[in-house]
Amino acid sequence: MLSAYGDGKIFGETYGESLYKVVWLHGWARQGHDFASSAIGLAAMGTSSVALDLPGFGSSPDPTVAGGARAYAQMVIPVLEEIADGPLVLVGHSRGGCIATVIAATKPELVKALVITGSPLVRRDVVAKAPLRYRLTKSLHSRGMLSPQKMESARRRHGSSDYRNASGVMRDVFVMMVNESYETELAKVQAPIYMVWGEDDHEVPVEVATKASVFVKSPHSLRVLEEVGHLVPLEAPSDLVQTVLEALA
């Protein structure tokens with residue numbers, strides 16, 4: 001059942017009938033329904049959950065002001081406070097994992113455990129350099145020698161598909177998110193962190209999880225799934241359920 005939270009600013013699909021123990025947070029350009037298989041499986045075992053559509057995705061309207069994962073955490077926290085009857089297990093995929101991490105660092109009393117999969121928690125050691133032509137275009141634009149229209153055309157040619165597909169406030173959100181890194185929050189998290197990664201995740205490789213683990217001071221683990229890519233919620237929902245059950249124990 002689709003329910004509205006926070007005065008209709010965030011919508012979420014509920015699974016099960018008892019008190020909610022798990023909240024699912026999806027990745028960029030995804031929606032809460034990504035977790036349907038896992039949530040249905042968990043509900044069949046007696047554990048209820050809520051899969052949120054984060055602002056700007058699925059049924060939830062765009063945020064009024066652009067912000068990265070830290071801003072999104074502040075939007076989600078009131079929803080958790082509204083539905084929580086005790087600490088929750090937060091399951092975050094991709095950018096949803098970054099938001100979950102910020103929430104756990106900010107409001108430890110709300111979080112029993114984190115289950116994170118395919119999340120860009122820290123920057124990779126090797127970052128692809130933008131083409132020379134694009135870098136020159138940005139330089140000219142910054143000096144007022146190139147029109148905004150030509151700069152936008154260059155962004156569309158050289159930007160990622162996520163960037164090209166976003167517009168308005170959501171494009172600003174995307175830019176902010178891709179420039180964030182969460183070492184500080186990882187070090188502040190008190191709850192156990194269960195990392196579940198696809199061995200074939202080329203968007204956020206396993207090396208990111210390994211690097212992020214260095215900053216974690218709470219109990220944590222990393223489970224790598226063979227022949228699974230970036231979309232763990234769709235490719236390996238049963239593995240996600242198994243990890244959530246461990247986090248709930």
# chains A, B, ... in the order shown; residues from 1 in each chain; ligands from 1
call {"tool": "select_by_dssp", "arguments": {"residues": "region 13-162 of chain A", "states": "alpha helix (DSSP H)", "output": "number ranges by chain"}}
result
A: 36-44, 69-83, 95-106, 132-142, 148-158, 161-162
call {"tool": "write_last_selection", "arguments": {"atoms": "C-alpha atoms", "output": "compact mmCIF listing (two decimals), in the first residue's frame"}}
result
# COMPACT_ATOMS: atom_id res chain seq x y z
CA ALA A 36 9.67 -5.29 -3.64
CA SER A 37 10.94 -8.87 -3.87
CA SER A 38 13.04 -8.54 -0.72
CA ALA A 39 10.29 -6.72 1.16
CA ILE A 40 7.65 -9.33 0.22
CA GLY A 41 9.99 -12.11 1.29
CA LEU A 42 10.66 -10.39 4.59
CA ALA A 43 6.94 -9.76 5.20
CA ALA A 44 6.24 -13.46 4.63
CA ALA A 69 22.85 13.02 0.58
CA ARG A 70 23.20 15.09 3.73
CA ALA A 71 20.22 17.23 2.73
CA TYR A 72 18.24 14.11 1.77
CA ALA A 73 18.99 12.60 5.18
CA GLN A 74 17.36 15.62 6.80
CA MET A 75 14.27 15.06 4.65
CA VAL A 76 14.08 11.36 5.53
CA ILE A 77 14.73 11.63 9.29
CA PRO A 78 11.23 13.04 10.09
CA VAL A 79 9.69 10.09 8.22
CA LEU A 80 11.70 7.63 10.30
CA GLU A 81 10.70 9.44 13.48
CA GLU A 82 7.08 9.21 12.33
CA ILE A 83 7.07 5.46 11.72
CA ARG A 95 22.98 6.79 -3.22
CA GLY A 96 20.41 5.44 -0.78
CA GLY A 97 23.28 3.85 1.12
CA CYS A 98 24.98 7.24 1.40
CA ILE A 99 21.77 8.74 2.80
CA ALA A 100 21.39 5.85 5.25
CA THR A 101 24.98 6.37 6.44
CA VAL A 102 24.40 10.07 7.09
CA ILE A 103 21.21 9.27 9.01
CA ALA A 104 23.00 6.70 11.19
CA ALA A 105 25.77 9.20 11.94
CA THR A 106 23.31 12.01 12.67
CA LEU A 132 40.60 18.19 -22.86
CA ARG A 133 38.03 19.89 -25.07
CA TYR A 134 35.45 19.82 -22.27
CA ARG A 135 37.94 21.16 -19.73
CA LEU A 136 38.81 24.03 -22.07
CA THR A 137 35.11 24.74 -22.57
CA LYS A 138 34.57 24.93 -18.80
CA SER A 139 37.56 27.24 -18.45
CA LEU A 140 36.22 29.60 -21.12
CA HIS A 141 32.77 29.58 -19.54
CA SER A 142 34.17 30.36 -16.07
CA PRO A 148 25.52 29.43 -20.93
CA GLN A 149 23.80 27.77 -23.91
CA LYS A 150 27.10 26.50 -25.34
CA MET A 151 28.21 25.36 -21.89
CA GLU A 152 24.98 23.41 -21.47
CA SER A 153 25.46 21.83 -24.89
CA ALA A 154 28.94 20.70 -23.83
CA ARG A 155 27.61 19.29 -20.56
CA ARG A 156 25.06 17.25 -22.46
CA ARG A 157 27.72 15.87 -24.80
CA HIS A 158 30.23 14.95 -22.12
CA SER A 161 23.63 9.60 -18.73
CA ASP A 162 22.35 10.35 -15.21
call {"tool": "residues_around", "arguments": {"residues": "Asp201 (chain A)", "least_positions_apart": "5", "cutoff": "8 Å", "atoms": "only C-alpha atoms", "output": "PDB file with N, CA and C atoms, in the first residue's frame"}}
result
ATOM      1  N   GLY A 118      26.384  -1.407  -2.997  1.00  0.00           N
ATOM      2  CA  GLY A 118      26.712  -0.627  -4.187  1.00  0.00           C
ATOM      3  C   GLY A 118      26.692   0.874  -3.976  1.00  0.00           C
ATOM      4  N   VAL A 206      33.812  -3.155  -5.864  1.00  0.00           N
ATOM      5  CA  VAL A 206      34.041  -3.648  -4.507  1.00  0.00           C
ATOM      6  C   VAL A 206      35.150  -2.869  -3.809  1.00  0.00           C
ATOM      7  N   VAL A 228      27.007 -11.060  -9.706  1.00  0.00           N
ATOM      8  CA  VAL A 228      25.988 -10.038  -9.433  1.00  0.00           C
ATOM      9  C   VAL A 228      26.613  -8.678  -9.731  1.00  0.00           C
ATOM     10  N   GLY A 229      25.828  -7.796 -10.355  1.00  0.00           N
ATOM     11  CA  GLY A 229      26.315  -6.470 -10.705  1.00  0.00           C
ATOM     12  C   GLY A 229      25.889  -5.407  -9.715  1.00  0.00           C
ATOM     13  N   HIS A 230      25.602  -4.217 -10.230  1.00  0.00           N
ATOM     14  CA  HIS A 230      25.293  -3.067  -9.374  1.00  0.00           C
ATOM     15  C   HIS A 230      23.907  -3.150  -8.743  1.00  0.00           C
TER      16      HIS A 230
END
call {"tool": "atom_distance", "arguments": {"atom1": "CA of Leu245 (chain A)", "atom2": "CA of Val89 (chain A)"}}
result
9.6 Å
call {"tool": "atom_distance", "arguments": {"atom1": "CA of His93 (chain A)", "atom2": "CA of Pro233 (chain A)"}}
result
7.6 Å
call {"tool": "atom_distance", "arguments": {"atom1": "CA of His202 (chain A)", "atom2": "CA of Pro120 (chain A)"}}
result
11.6 Å
call {"tool": "closest_residue", "arguments": {"among": "A:Leu231, A:Gly168, A:Pro108, A:Val224", "to": "Lys188 (chain A)", "atoms": "only C-alpha atoms"}}
result
A:Pro108
call {"tool": "select_by_dssp", "arguments": {"residues": "region 8-229 of chain A", "states": "strand (DSSP E)", "output": "NGL selection string"}}
result
:A and (10-15 or 20-25 or 48-53 or 88-93 or 111-117 or 193-198 or 220-225)
